[in-house]
Amino acid sequence: MNLLLLILIPLVTAVGVLLAAKQQAKWIAFGGAAIQLITSFVLLAAFYAQRTAGNTTQFLFEQQYNWFPSLNISFHLGVDGISVAMILLTAFVVIAGVLVSWKVDKMTKEFFFLLILLSLGAYGFFISLDLFILFFFLEIAVIPKYLLIGIWGSGKKQYAANKLALLLMFGSALVLVGMMGTYFGSGAHTFDLPALAKLNMPVEVQKICFPLLFAGFGIFTALFPFHTWVPDGHSAAPTAGSMFLAGISMKLGGYGCLRVAMYLMPEGAKEYANIIIILATIAILYGAFATMMQQDFKYINAYSSVSHCGFVLLGLGMLTKTAITGAVMQMVSHGVMTALFFAIIGMIYERTHTRQVNEMGGLLKVTPFISTALFIVGLCSLGLPGLSGFVAEMTVFVGSWQNADAFHRIATIAACMSIVVTAVYILRAIGKVAMGPLKAGYETITDATWNERLATIILISGILAIGLAPFWLNDLVRPGAEIIMQKMSASH
Amino acid sequence: MNEFFTLMKSELVVTIILFLLLFIKIGKGMSNERLLVFIQVLLLINFIAGFVANEEGSLFGGLYYTGEMIVLQKNILNLGVLLISLLFADWFIKSSHLPEFFILMLSSLLGMFFLLSSGNLLMFYLSLELASIPVAAMANFDLQKRTSSEAAMKMILTSAFSSGILLFGISLVYGATGTISFEALPALLSAAPLQVMAFIFLFAAFAFKLSIVPFHLWTADVYQGSPTATTAFLSVISKGAFAFVFVTVLYKVFQPLHSVWYNLIMLLSIVTMIVGNLFALRQQNIKRFLAFSSIAQVGFILVGISSNTAEGTASVVYFILIYIFSNLAAFGVVGLIASQANRESINDYRGLYQTNKFLSWMIALALFSLAGIPPTAGFFGKLFLIKAGASQANYFYIIIAAVNLVVSLYYYLKIIRAIFMEPNEQPIAAIRVSFSVKLGLVICAAGIILTGLIGWIYDYIQLLG
Amino acid sequence: MTGSTIIFYLLALLTLVSAVLAVTSRQIFRAAIYLLFTLIGIAGFYFWMQYDFIAAVQIIVYVGGITVLIIFSIFLTQQAGELLPKQKIGRQVFAAAAVFCSFALVMLQMINHHFTVTADQSTTPTIAAIGEKMLATTEDGYALPFEVVSILLLAAMIGCIVIAMRPEDTLPNEQDLQQK
Amino acid sequence: MITPGLYHILFISTALFFIGMYGFFARKNLITMLMSIELILNSVNLNFIAFNKYLWPGRLDGVFFTIFIIAIAAAEAAVAIAIIINLYRSHKSIDVEQTEEMKY
Amino acid sequence: MSNALQIALIPLLPLAAFVILGLFGNKYVNRSAGIIATFLLASSAALAFYTAYQYFFEYGKVEGVYQKVTAFKYTWLQFSDQLSIDIGALIDPITAMMLVVVTFISLLVHIYSLAYLKGEKRFATYYAFLGLFTFSMLGLVLSSNIFQMYIFWELVGVSSFLLIGFYYDKPSAVAACKKAFIVTRFADLGFLIGILVLSFYAGTLDFNTLIERLTSLQSAEFKMATAASFMGISALTWGLVLVFIGGAGKSAMFPLHIWLPDAMEGPTPVSALIHAATMVVAGVFLVARLFPVFQISPIAMDVVAYTGIISALIAAVIACTQTDIKRVLAYSTMSQIGFMMFALGVSKTGGEAGLGFTASMFHLFTHAMFKALLFLGAGAVIHYVHSNEMKDMGGLRKYLPITHITFLIACLAISGIPPFAGFFSKEEILLAAYHHYPVIFYTALITSGLTAFYMFRLYFSIFWNKQTQVHSEHSAPHDSEKHGEGGLAMMLPLIVLAMASCLAGFIHFGNFVTADGKPLTTALHLLFSVAPVVLALAGIGIATWLFLRQNDSPVKYSNKLGNLYKAAHQKFYIDELYGFITQKIIFNLVGRPAAWFDKNIVDGLVNETGNGTTTLAEKIKAFQSGKVQQYAIYFLGGVMGLTVLFIYLWK
C-alpha cells in the first residue's frame, strides 16, 4: 500500500475538477471521492493483513523522501491504527459531502475544487510522520474552509468565515511555535515524529511546548474558550462545508493533540492534564447547556459539537489507555455522526428554507426518509447503544473512571451528566422538527433525492458499523493508545 | 583581466545594457512595443548570464568582492527586474520615457549589485546612493500626477535625510576605528557607547531603506504615489537588495555588536510587524495597503535575520525569492488594473472574480503566498524565517511573530473577501491581459507554487550560505 | 593664542552663525546666501586643516555648483523678496528642543569617547597623489567608486532631464507657470 | 582660549549637523529644506576631514570619502531640485504643507 | 451447544422483525406486517418457553440448586484488559421466567394489535417498533454483563420512546415520549455511574464474576469496595444506590415516576406491553439480578425497600383520584411495582428469609398477567368509546361482555382476592415484610386496601354506573358486529390472560425462583391472609357503595377530603415541581446564562480583540500624517531613543 496514493488521488481529482467543464465537476469529484473511499478500505484491509501477519511496527507503510535535507525535513509518511481510522472517517465524510452538494451551481468547479483540496489537507495530515508536513497539511485545510463559508455560506457568512480562519490560524500559530520549540528544544534538530518520540525531551521544554501544541491543536477541536468559531462557522457554512468542518476539521485538532502533543511530550501531558480535564469538562457541560437554548438548527448541532468534542479532550486528558482509545473513537464517531447531522439539516433547510426549529414541525409525515435519518442521527448524538456515539462515550467514561482520585471522579461524573442534557436538546429539536402536527406550507415538500439518500446511507452505515461492531475500531485504535501510554509511564 | 570580467560579470552586463539603452534613446529609432520586447530579451539574457561562470574573489584591493551567494542574490534581483519588465508592459508601452525608466532602473540595479559586492563603507555608501537616487526620479515618472511628484519629493528628501544620518554614523565609525574596510572593521569594533551610537545611526539608515518602524513613514506615501512599476521595484527589488546587504553587514561586519543588534532587531521587528499590520488593517488604497503589508513582511524578515546563523542568511534569501514572485504578482495585477481601469481602491475590487477570473486567481495566489498559506511558497518562506529566528530559543519573540502572522492573514483575507465574496453592482470590467503580462503572471504563479514545493531550491541556497 | 587659533574661532563663528541664519531667515534668498557663507566657512576649515584640495573642491562644487543651483531654483519658484510663510512657533520650539537634546546626547558620547590617536606619518595630500589614487585599481585605489559615482551622475542627469522637461502640452491649465 | 583640536571641530560639525536638522524640521519651504540637507552633509564632511587629520593621518580614507560625498550631494541636489520644480508646476507651491495629500 | 443458537434466536427473531419491517415495511408489506411480526414472535415465544422448560426441568438444576448458566459470550468492546462489554446470554431462574413473561405478553400484544391498529397508516412501523422493543427487552433479561444490560436498558428506553411517540403528530404524545425518555435517561445516569463504580472495584463487568467478587468477604475487590468511602458511605453502597436509581427510573419509582402516567399517550397495547408487564419491571429485575450484592449493603436494601413502599402508597392514593382510565392503571402499575421493590428490599438470602425475593418475582409474574389484561381490556374499552375519560363511560357491561368479565377477573386478581393470582403473590410479599419491617407491612396493608378500592372504582365506572350519552351518540358505528369487541384477535389475548390471572397463582414459585437457587417451600398462612383480604373486600365495598350507581357521594366525599384530594388529584404537584426545576432552574439559571455567556463573554472577547485592534489601528493613524518633516522628526526620535535605550538601559 503506497500512502502517496492517498494524497495523489485528491490532488488529481482537484486538478481534474478545475480542468473539467462545469457540469462534469461534480462527477469528477464524486469519482475521486469514491476511489478514495475504496482506497481507504484497501488501506484498512492491508493494515489488518500486516497486523495479522505479525507486523507490530508502530507505523506501517512508512515512506520517507528528503524534502529539505538541510533542515532535516523529510516527507515522511506512515500510518498506525489511529491514522487509518481517521482516514476512513475522512473518506466517508468526503464522499457524503460531495453527494449532498450536488445542487451547488454557483461557481461549481471552484466549490468542488475547494472541497477536494480540504480533504487533501486532511488526508495528508493524517498520514504525516513529520511535524513539518503535518503542519503544512494542517494549514492547507484552513483556507478552503474560509472560502467555502465566505462564498457559498449563508447568514453572517463573512463574519463567520473570518472568525473561523483567524482563530484556526491562531491555533496553528501556536502549533508553529510549539513545533519550533520541539525542533530546537529536543536538541535533535529534526521534525521527524518517530525520531523525536524516541528521545526524552527535557522536561522544561515539554512544559513550554506542550501547552502551545495542545492549545493550538485544541482550538481546532473546539477547546474551551477558543470554541467560538464553531457555532458561527458551522452555521454559516454551506452543508458540505459544515460537514467537513465538524466531521474532519475538528478531528485534525484532536488527532494533533494526541499524535504530536501527547505522544512527544508525556511529561508535559502529565503536567497539564488537570487543566485539560477542567476545560474539557466545562466544554462538555457548557456546550450542552448552551445548545439547549439555541433555536437555529445548525447552532444546535454546532454547540453540541463543542460538547461532543469535549469528550475527545476529556479522554485525552484522562491519560489512561482506555480513555485515549475512547477519545479517538469519539473523534471517528462524532465525525461521521455530525457530518450526517449537518447533511440532514442541510436537506431540511433546502426544503423548508428555514433553520429555526420553531418554524418547523411534523416533517416525518412528508419526508419520512430524511426524518428517519434525523431520528437515527439524533439518537446517535445522545448516545444510544447500537449507534456510534454510545461506544465512544462509554469508552471515555470507563477510561476516565480508572483514575481513582476525587478530581477525576468529579470531572467524569460531570461529563456523564451531559448525556442527560444531550437527550434534552436532541429530543427537543427532533420533537419540534420531525414530530408534532405538520406546519402549514410544508405539505408539498418532497423527500430525499437519490444523491441525498446515498450520502445518508453511506454515513448511517458508518455509524452502524461502529455502533454495532465497535471491536474493529477498538482494535485499530488501542495499540496506538497503548504506545502513548507506555511512553507516558516510561518517563518519570 | 580575465578575472575582472568573470567576477564583475553581473555589473558589466547590466552596464552594457544600460548604455545600449542610452544609445537607443539617443537614436530614437524604435516604437515602444518593439523596444520593450528588446529590453525584455536583454534582461532575459542578463538573467541567464547570471547562471554561468560564477566565481568567488575580490577586486580593486578588496573594494569589490563576490561569491556564489552574492551572484545568486544578484540574479534573484535580475529575475525581479525581468518580471517587472514583463508585468508592467501596459504602462511601459504607454509611457513616453520608456528607455529612461529602464536606464534609471538598471542604474539603481547596478547600485544594488555594487552594494552587495561592496567591500568598504565608501563603496557601500556610494552604491547605496546609486541604488536609491534613481528610484526617486522613477517615482516621479507619472509626470502629470500630483501624487507622483509628492511621492518623489518625499522619497528624495527623506532619503537624503537618512543618508545624512548614515554618513554621520559612518564618520563616527571611521573616527573610532580608523578604517572603513569591511574586512578590518570586525576586529576593531567593540561595544563602546560611541560605537553603539554609530552603529545605531547606520542601522537607522538600513531601517529606513527596509522600512522598519519607526523609520518607515515614507514608505506608504511613496508606494501610493509612485507609478506601480516603481512601487514594485521599490518594494521588491530594492527591499530585497537591502535585506541581503543587511544580513551580510550584520553577520560579517557587526558581529562584535551582536548582543546589541539582536535586541535591536527583536525590538524593531516586533514593532514593525505590529505597526505594519495595524496600518494595513485600515487601508483603502490597495497600493498603500501593499506598502504596509510589505512593512509587516519586513518584520518577518527581521525574525529570520535575528538568527545570526547561516540558516538565517539562507532563509532571508529564500524568502526574498518567494517575496519577489508573490509581491510582483500582486503589484502586477494592481498595476494592470490601475493602468486600464484606473482603480486603486480596495472597494473597487469587489466582485472582481465575476469579471476577471484569471487576475483574481493570480492576486489571490499572491496574497495567500504573502500571508503564508500553504501550498504557496510564502508558507515555506515564512516558516523558515521563523524557524531561523527560533534557533535563538526566544519563544516570546516567536509567539509574537506567529500571532502577527494571524493578524496579517486578516487583512489579506479582506482583499480575498472583496474579490470573491462581496457583491458589486459595477465590478471592474473585463481587462485585456496582454501576452507579456500573462507570461509574467504565470511565471510568478509558477514561482509561488513551485519554489516551496521543490525542496532543493532552499537547500541550494543554504548550501551557498 | 596663536593666529591659527584666532582664525579657527573666527571661522567657527562665521560658519555657525550663518548656518543658524540660513535655517531661520524668512527671506529665502538671504537664506541661500547665508548657506553660501556657511559653505565657505567650511571650506575655510579645510584650508585651516591644510587639506587644500578638499577646500578647493568644496568651493568649486558647493559654492560654484550646488548653491548656484539652489539660487537658480529659488528664482524659478519664488518671487524675489517674498517672505517665507511663518512656521508655527510650537513646531519651531519643538524642533529646537528635539535637536538640542539630540545634540547634547551626541556630544556627550563624543566627549566621553577616548579617540585613539595614531602616530602615523601625516601624508600631505597633494593633488597629484589624490589624482593618482583616484584612478588606481589597487588597494587604496578609488577607481571603482569613481566609476560608480560617474554612473550615478549619469543616472541623475537623465532623471533630471525627464522630470524637469515635461511636455507642456499635457498641462494646458498650467501654461502660465511654465519655466522661463 | 584653548588651542583648537579635534573636539572643537567635532563640536562645530555636530552643531552644524543639528542646525541642519533643525532646518529640515522647521522650515516650510522645500528648497530651504534641501539647503538644510546640504548643511547636514557638510557637517559630515567636516567630521571626516577632522578625523582624518587628527586621528588617522596615515591614510586618506576620510578625504576621499569627503570628495565622493560632495559629488553625491551634487547629484542628489540636482535630482531633488528637478523634483521640486516639477512639484511646483503641479502644486503651484513649494510649501511642504501643500504636499500632504497622501496620509494615514 | 446448540442451546446457544436457540437462546440467541429468542431476541434475534424480534430483531429480524424490526429490521425487515423497518426497512421495507411501509412500502412493501404494510398489510401483512402484523402477520410477519406475529409469526416471528410466536417462534421466539416458543423458543423461550422451550428454553425455560429445558432450564427448569432438564439442565438448570445441579444438586438441587439452580445454576447460572452462561449460554454464550462474545467480546464486543474491550475497554481494558479486565473490563470489556461482552454480549452474551446468562440463564438463571429469573431470566428464564422473564423470557417467558416477555415473549408471552409480547405475543399476545402482537395478536391484539392486529385488530386494534388495523388500518393504521404506519402499521408496519408499529410492528417494527414492537419488534425492537421485544428484542431489547429480551436482550436485557439475557444480559450476562452489566454493561450489556445498560445497552439494552437504553434500547428499551428508546423503543419505549418510539412507541409512546407513535402518534407523532399529537403534541401531547410528543411531549410524553420526550418526558419518558429524559426522565429515564436521568435515572440511567445514576445507573451508568453506578456501573462505573461497581466495575471499578470489582474489576469486571461480567455479572457472575462481579457478584462473586463483591460478595465474597475475603476478596480484595470486596475489601477495597467497602473500604473506600464517600460521605461516610462505602463505595459499594454508593454504587448500588446509583444502580438502583437507574432501576427506579425505569420502574417509575417515586420520585422518578412522573413519566409513566404520561406515557399512556402511546397506543394502548403498547402500554400493556411496556408500561405494565415488561419494561417497567426492568428495575425490579435489575435489583434481583444484583440481589446478592445488594444484600451486602443494608443501606442499599433499605433504600430499595422504602422507595418501594413510598411509591406504592403514593401511587395508590393518586390512583384513587384519577379520571383517565389508563392513568389509573398506570398509577396502579407503579404501586404494584412498589410492592415488588420493597419485597426485594426486605428480603434476605436463603430459606424463609429469602421469601421476599421469591415473592417479588412471583408478583412480577402474576402482575404481568393481570396488568396486561387490564390494559388490553382498557384498550378494548377505549377502542369502543374513543375516549380515555371515565366520564365518557359507564354501563358498558352489556356492550362488551367478554371485556367486562376478563376485566373483572383482573380487578379481583390485583385486589388480592383469592383464588386469583394476585392473592398468592401479594400474600407472600406481605408475609416477607411482616417480621422485620412493621412500618412497611402496615403501609403495604393499607395500600392493598386502597388498591382494591381504586380498581373497583375503575371497574364500576366503566361497566356500571351511568349510561353515557356519548356512548349512544357513537352507538351507530359501534353496534356493528365487526367493531364491537374487536373480533377474535382482540378477544383471544383477553381470554388467555384472564385464564392466566386465574391460574398463575397456583404455580409453586418457590420451587423455581429463589434468591439462592435452592427451592423454597412456602406455606399459605390462612390466618395471616385474613387481614389483607378483609381490607381488600372493604375497599371493594366502599367502591361499590360509591360507584355502582351514579350518585353524588363521590363528589361529596372528595370535597370533604379537601386539600388532600386536590393534592392527590394533582399528583402531589410533583410534575409542577419538576417543571419548576427544569424550566426555571435548569433553563433559566444554567442554560440561558451559558448561552448568554457564550454569546457575550467568550464570543465578545474574540470580537473585542478584533474591534480593539481596529480601534487601535484607527488611533495610531496620526503617526502617518503625510508630513515629511514629521517623518524626519520621528526618524531622529527613533535614532536617539534607540541610542539611549541601548547605551544606558538595555545592555
# chains A, B, ... in the order shown; residues from 1 in each chain; ligands from 1
$ closest_atom_pairs --of "chain E" --to "chain C" --cutoff "12 Å" --atoms "only C-alpha atoms" --output "tab-separated table"
residue	atom	partner	partner_atom	distance
E:Gln629	CA	C:Ala95	CA	9.8
E:Gln630	CA	C:Ala95	CA	9.8
E:Ala632	CA	C:Ala95	CA	10.5
E:Ile633	CA	C:Ala95	CA	7.8
E:Tyr634	CA	C:Ala98	CA	10.3
E:Phe635	CA	C:Ala98	CA	11.5
E:Leu636	CA	C:Ser102	CA	8.2
E:Gly637	CA	C:Ala98	CA	7.9
E:Gly638	CA	C:Ser102	CA	11.0
E:Val639	CA	C:Ser102	CA	9.3
E:Met640	CA	C:Ser102	CA	6.5
E:Gly641	CA	C:Ser102	CA	9.5
E:Leu642	CA	C:Ser102	CA	11.8
E:Thr643	CA	C:Leu105	CA	8.9
E:Val644	CA	C:Leu105	CA	8.4
E:Ile647	CA	C:Gln109	CA	9.6
E:Tyr648	CA	C:Gln109	CA	11.3
$ write_last_selection --atoms "C-alpha atoms" --output "compact mmCIF listing (two decimals), in the first residue's frame"
# COMPACT_ATOMS: atom_id res chain seq x y z
CA GLN E 629 9.01 66.82 8.38
CA GLN E 630 7.20 64.82 10.99
CA ALA E 632 12.03 63.12 9.86
CA ILE E 633 11.35 64.01 13.46
CA TYR E 634 10.19 60.50 14.18
CA PHE E 635 13.27 59.28 12.42
CA LEU E 636 15.53 61.32 14.61
CA GLY E 637 13.48 60.43 17.63
CA GLY E 638 13.85 56.78 16.78
CA VAL E 639 17.57 57.03 16.40
CA MET E 640 18.03 58.94 19.61
CA GLY E 641 15.59 56.80 21.52
CA LEU E 642 17.37 53.65 20.46
CA THR E 643 20.69 55.20 21.26
CA VAL E 644 19.63 56.00 24.78
CA ILE E 647 23.67 52.73 25.64
CA TYR E 648 22.08 53.27 29.02
$ interface_residues --of "chain B" --to "chain C" --cutoff "6 Å" --atoms "only C-alpha atoms" --output "VMD selection string"
chain B and resid 60 to 61 104 123 130 137 194
$ interface_residues --of "chain A" --to "chain B" --cutoff "7 Å" --atoms "only C-alpha atoms" --output "list of chain:residue names"
A:Trp67, A:Phe68, A:Pro69, A:Ser70, A:Phe136, A:Glu139, A:Ile140, A:Gly150, A:Ile151, A:Leu166, A:Met169, A:Phe170, A:Ala173, A:Val177, A:Met180, A:Phe184
$ write_last_selection --atoms "N, CA and C atoms" --output "PDB file, in the first residue's frame"
ATOM      1  N   TRP A  67      13.057  16.211   1.700  1.00  0.00           N
ATOM      2  CA  TRP A  67      12.401  17.372   1.124  1.00  0.00           C
ATOM      3  C   TRP A  67      13.294  18.605   1.296  1.00  0.00           C
ATOM      4  N   PHE A  68      13.562  18.916   2.525  1.00  0.00           N
ATOM      5  CA  PHE A  68      14.529  19.983   2.782  1.00  0.00           C
ATOM      6  C   PHE A  68      15.640  19.378   3.620  1.00  0.00           C
ATOM      7  N   PRO A  69      16.527  18.672   2.975  1.00  0.00           N
ATOM      8  CA  PRO A  69      17.503  17.901   3.765  1.00  0.00           C
ATOM      9  C   PRO A  69      18.319  18.771   4.712  1.00  0.00           C
ATOM     10  N   SER A  70      18.610  19.995   4.270  1.00  0.00           N
ATOM     11  CA  SER A  70      19.470  20.803   5.129  1.00  0.00           C
ATOM     12  C   SER A  70      18.751  21.195   6.411  1.00  0.00           C
ATOM     13  N   PHE A 136       2.071  21.603   7.474  1.00  0.00           N
ATOM     14  CA  PHE A 136       1.781  22.024   6.104  1.00  0.00           C
ATOM     15  C   PHE A 136       0.352  21.627   5.723  1.00  0.00           C
ATOM     16  N   GLU A 139      -2.419  23.445   7.627  1.00  0.00           N
ATOM     17  CA  GLU A 139      -2.746  24.786   7.137  1.00  0.00           C
ATOM     18  C   GLU A 139      -3.434  24.743   5.792  1.00  0.00           C
ATOM     19  N   ILE A 140      -3.109  23.747   4.998  1.00  0.00           N
ATOM     20  CA  ILE A 140      -3.798  23.624   3.708  1.00  0.00           C
ATOM     21  C   ILE A 140      -5.289  23.511   3.944  1.00  0.00           C
ATOM     22  N   GLY A 150     -17.250  31.676   3.136  1.00  0.00           N
ATOM     23  CA  GLY A 150     -17.432  33.040   2.686  1.00  0.00           C
ATOM     24  C   GLY A 150     -18.191  33.142   1.378  1.00  0.00           C
ATOM     25  N   ILE A 151     -17.980  32.194   0.477  1.00  0.00           N
ATOM     26  CA  ILE A 151     -18.610  32.321  -0.841  1.00  0.00           C
ATOM     27  C   ILE A 151     -19.963  31.612  -0.875  1.00  0.00           C
ATOM     28  N   LEU A 166      -9.355  33.119  11.340  1.00  0.00           N
ATOM     29  CA  LEU A 166      -8.391  33.746  12.245  1.00  0.00           C
ATOM     30  C   LEU A 166      -8.145  32.888  13.468  1.00  0.00           C
ATOM     31  N   MET A 169      -6.145  29.932  12.471  1.00  0.00           N
ATOM     32  CA  MET A 169      -4.771  30.301  12.191  1.00  0.00           C
ATOM     33  C   MET A 169      -4.045  30.633  13.482  1.00  0.00           C
ATOM     34  N   PHE A 170      -4.770  31.209  14.397  1.00  0.00           N
ATOM     35  CA  PHE A 170      -4.156  31.461  15.700  1.00  0.00           C
ATOM     36  C   PHE A 170      -3.732  30.135  16.316  1.00  0.00           C
ATOM     37  N   ALA A 173      -0.791  28.973  14.647  1.00  0.00           N
ATOM     38  CA  ALA A 173       0.386  29.752  15.045  1.00  0.00           C
ATOM     39  C   ALA A 173       0.980  29.194  16.330  1.00  0.00           C
ATOM     40  N   VAL A 177       4.743  27.588  16.905  1.00  0.00           N
ATOM     41  CA  VAL A 177       5.737  27.914  17.924  1.00  0.00           C
ATOM     42  C   VAL A 177       6.121  26.650  18.699  1.00  0.00           C
ATOM     43  N   MET A 180       8.479  24.638  16.704  1.00  0.00           N
ATOM     44  CA  MET A 180       9.835  25.181  16.719  1.00  0.00           C
ATOM     45  C   MET A 180      10.521  24.834  18.033  1.00  0.00           C
ATOM     46  N   PHE A 184      14.043  22.709  18.323  1.00  0.00           N
ATOM     47  CA  PHE A 184      15.282  23.158  18.954  1.00  0.00           C
ATOM     48  C   PHE A 184      15.420  22.626  20.371  1.00  0.00           C
TER      49      PHE A 184
END
$ interface_residues --of "chain A" --to "chain E" --cutoff "6 Å" --atoms "only C-alpha atoms" --output "MDAnalysis selection string"
chainID A and resid 228 289:290 322 385 420 435:437 471
$ interface_residues --of "chain D" --to "chain C" --cutoff "6 Å" --atoms "only C-alpha atoms" --output "PyMOL selection string"
chain D and resi 18+22-23+26+55+57-58+75+79+82+86
$ atom_distance --atom1 "atom CA of Met266 of chain B" --atom2 "atom CA of Thr609 of chain E"
24.1 Å
$ interface_residues --of "chain D" --to "chain E" --cutoff "6 Å" --atoms "only C-alpha atoms" --output "ChimeraX atom specification"
/D:25,100,102-104
$ residues_around --residues "segment 110-124 of chain E" --least-positions-apart "5" --cutoff "8 Å" --atoms "only C-alpha atoms" --output "PyMOL selection string"
chain E and resi 21-22+25-26+29-31+33-35+37-38+130+269+376+383+486-487+489-493
$ write_last_selection --atoms "all heavy atoms" --output "short mmCIF file (atom, residue, chain, number, x, y, z; two decimals), in the first residue's frame"
data_model
loop_
_atom_site.label_atom_id
_atom_site.label_comp_id
_atom_site.auth_asym_id
_atom_site.auth_seq_id
_atom_site.Cartn_x
_atom_site.Cartn_y
_atom_site.Cartn_z
N LEU E 21 -39.21 -5.12 8.82
CA LEU E 21 -40.33 -4.19 8.73
C LEU E 21 -39.86 -2.75 8.70
O LEU E 21 -40.46 -1.90 8.06
CB LEU E 21 -41.30 -4.42 9.89
CG LEU E 21 -41.91 -5.81 9.92
CD1 LEU E 21 -42.83 -5.95 11.12
CD2 LEU E 21 -42.68 -6.08 8.64
N GLY E 22 -38.76 -2.51 9.42
CA GLY E 22 -38.27 -1.14 9.47
C GLY E 22 -37.78 -0.70 8.11
O GLY E 22 -38.04 0.42 7.67
N GLY E 25 -40.97 -2.30 5.47
CA GLY E 25 -42.35 -2.45 5.92
C GLY E 25 -43.35 -1.56 5.23
O GLY E 25 -44.22 -2.03 4.49
N ASN E 26 -43.17 -0.26 5.40
CA ASN E 26 -44.23 0.63 4.97
C ASN E 26 -44.47 0.57 3.48
O ASN E 26 -45.57 0.79 3.01
CB ASN E 26 -43.90 2.05 5.41
CG ASN E 26 -44.30 2.27 6.85
OD1 ASN E 26 -45.20 1.60 7.33
ND2 ASN E 26 -43.61 3.17 7.52
N VAL E 29 -44.72 -4.30 2.58
CA VAL E 29 -45.51 -5.32 3.28
C VAL E 29 -46.36 -4.72 4.38
O VAL E 29 -46.55 -5.31 5.42
CB VAL E 29 -44.59 -6.42 3.87
CG1 VAL E 29 -44.04 -7.30 2.78
CG2 VAL E 29 -43.48 -5.79 4.68
N ASN E 30 -46.88 -3.54 4.12
CA ASN E 30 -47.60 -2.85 5.17
C ASN E 30 -48.75 -3.70 5.73
O ASN E 30 -48.96 -3.80 6.93
CB ASN E 30 -48.12 -1.52 4.64
CG ASN E 30 -48.35 -0.54 5.77
OD1 ASN E 30 -48.11 -0.89 6.93
ND2 ASN E 30 -48.81 0.64 5.46
N ARG E 31 -49.49 -4.32 4.84
CA ARG E 31 -50.68 -5.03 5.31
C ARG E 31 -50.33 -6.31 6.05
O ARG E 31 -50.94 -6.65 7.05
CB ARG E 31 -51.59 -5.37 4.13
CG ARG E 31 -52.36 -4.15 3.68
CD ARG E 31 -52.90 -4.31 2.28
NE ARG E 31 -53.68 -3.13 1.95
CZ ARG E 31 -54.96 -2.99 2.32
NH1 ARG E 31 -55.58 -3.93 2.99
NH2 ARG E 31 -55.62 -1.90 2.00
N ALA E 33 -47.63 -6.89 7.54
CA ALA E 33 -46.58 -6.68 8.53
C ALA E 33 -46.93 -7.36 9.86
O ALA E 33 -46.09 -8.01 10.49
CB ALA E 33 -46.37 -5.19 8.75
N GLY E 34 -48.18 -7.19 10.26
CA GLY E 34 -48.60 -7.73 11.54
C GLY E 34 -48.42 -9.24 11.58
O GLY E 34 -47.91 -9.80 12.56
N ILE E 35 -48.80 -9.86 10.49
CA ILE E 35 -48.72 -11.32 10.44
C ILE E 35 -47.27 -11.77 10.55
O ILE E 35 -46.92 -12.66 11.34
CB ILE E 35 -49.32 -11.85 9.12
CG1 ILE E 35 -50.72 -11.29 8.90
CG2 ILE E 35 -49.30 -13.36 9.09
CD1 ILE E 35 -51.74 -11.81 9.88
N ALA E 37 -44.70 -10.19 11.77
CA ALA E 37 -44.15 -9.93 13.09
C ALA E 37 -44.69 -10.93 14.10
O ALA E 37 -43.94 -11.48 14.93
CB ALA E 37 -44.46 -8.51 13.53
N THR E 38 -45.98 -11.18 14.03
CA THR E 38 -46.58 -12.10 14.99
C THR E 38 -45.99 -13.49 14.83
O THR E 38 -45.68 -14.17 15.81
CB THR E 38 -48.10 -12.15 14.79
OG1 THR E 38 -48.58 -10.81 14.74
CG2 THR E 38 -48.76 -12.90 15.91
N LEU E 130 -42.43 -2.61 17.85
CA LEU E 130 -42.70 -3.67 18.82
C LEU E 130 -41.57 -4.70 18.81
O LEU E 130 -41.11 -5.17 19.86
CB LEU E 130 -44.02 -4.37 18.50
CG LEU E 130 -45.31 -3.74 19.02
CD1 LEU E 130 -46.47 -4.68 18.76
CD2 LEU E 130 -45.22 -3.44 20.51
N PRO E 269 -52.12 -1.10 23.48
CA PRO E 269 -51.40 -2.37 23.59
C PRO E 269 -49.96 -2.17 24.03
O PRO E 269 -49.39 -2.97 24.76
CB PRO E 269 -51.46 -2.94 22.18
CG PRO E 269 -52.55 -2.24 21.51
CD PRO E 269 -52.67 -0.91 22.14
N LEU E 376 -55.18 -4.32 28.24
CA LEU E 376 -55.81 -4.73 26.99
C LEU E 376 -57.32 -4.53 27.09
O LEU E 376 -57.97 -4.11 26.12
CB LEU E 376 -55.46 -6.17 26.68
CG LEU E 376 -53.97 -6.40 26.35
CD1 LEU E 376 -53.72 -7.85 25.97
CD2 LEU E 376 -53.51 -5.48 25.24
N HIS E 383 -61.13 1.61 22.61
CA HIS E 383 -61.40 1.32 21.21
C HIS E 383 -62.87 1.51 20.89
O HIS E 383 -63.25 1.97 19.83
CB HIS E 383 -60.98 -0.14 20.94
CG HIS E 383 -60.82 -0.45 19.49
ND1 HIS E 383 -61.50 -1.47 18.87
CD2 HIS E 383 -60.06 0.12 18.53
CE1 HIS E 383 -61.17 -1.51 17.60
NE2 HIS E 383 -60.29 -0.56 17.37
N GLY E 486 -64.05 -6.06 18.79
CA GLY E 486 -62.80 -6.13 18.04
C GLY E 486 -62.45 -7.49 17.51
O GLY E 486 -61.34 -7.71 17.04
N GLY E 487 -63.34 -8.41 17.61
CA GLY E 487 -63.10 -9.70 16.98
C GLY E 487 -62.16 -10.59 17.75
O GLY E 487 -61.70 -10.26 18.86
N ALA E 489 -59.06 -11.49 17.32
CA ALA E 489 -57.69 -11.06 17.60
C ALA E 489 -57.63 -10.28 18.90
O ALA E 489 -56.63 -10.34 19.63
CB ALA E 489 -57.18 -10.20 16.45
N MET E 490 -58.69 -9.55 19.22
CA MET E 490 -58.65 -8.82 20.47
C MET E 490 -59.16 -9.64 21.63
O MET E 490 -58.72 -9.48 22.77
CB MET E 490 -59.46 -7.52 20.35
CG MET E 490 -58.61 -6.36 19.82
SD MET E 490 -59.55 -4.96 19.33
CE MET E 490 -59.86 -4.19 20.89
N MET E 491 -60.08 -10.49 21.35
CA MET E 491 -60.66 -11.27 22.44
C MET E 491 -59.72 -12.35 22.95
O MET E 491 -59.60 -12.59 24.14
CB MET E 491 -61.97 -11.93 21.97
CG MET E 491 -63.11 -10.95 21.83
SD MET E 491 -63.36 -9.98 23.34
CE MET E 491 -62.58 -8.46 22.92
N LEU E 492 -59.04 -12.97 21.99
CA LEU E 492 -58.20 -14.10 22.36
C LEU E 492 -57.19 -13.74 23.45
O LEU E 492 -57.12 -14.41 24.49
CB LEU E 492 -57.50 -14.64 21.13
CG LEU E 492 -56.60 -15.85 21.40
CD1 LEU E 492 -57.46 -17.07 21.74
CD2 LEU E 492 -55.69 -16.13 20.22
N PRO E 493 -56.44 -12.67 23.27
CA PRO E 493 -55.49 -12.32 24.34
C PRO E 493 -56.18 -12.08 25.67
O PRO E 493 -55.67 -12.46 26.72
CB PRO E 493 -54.86 -11.03 23.82
CG PRO E 493 -55.02 -11.08 22.37
CD PRO E 493 -56.31 -11.79 22.13
#
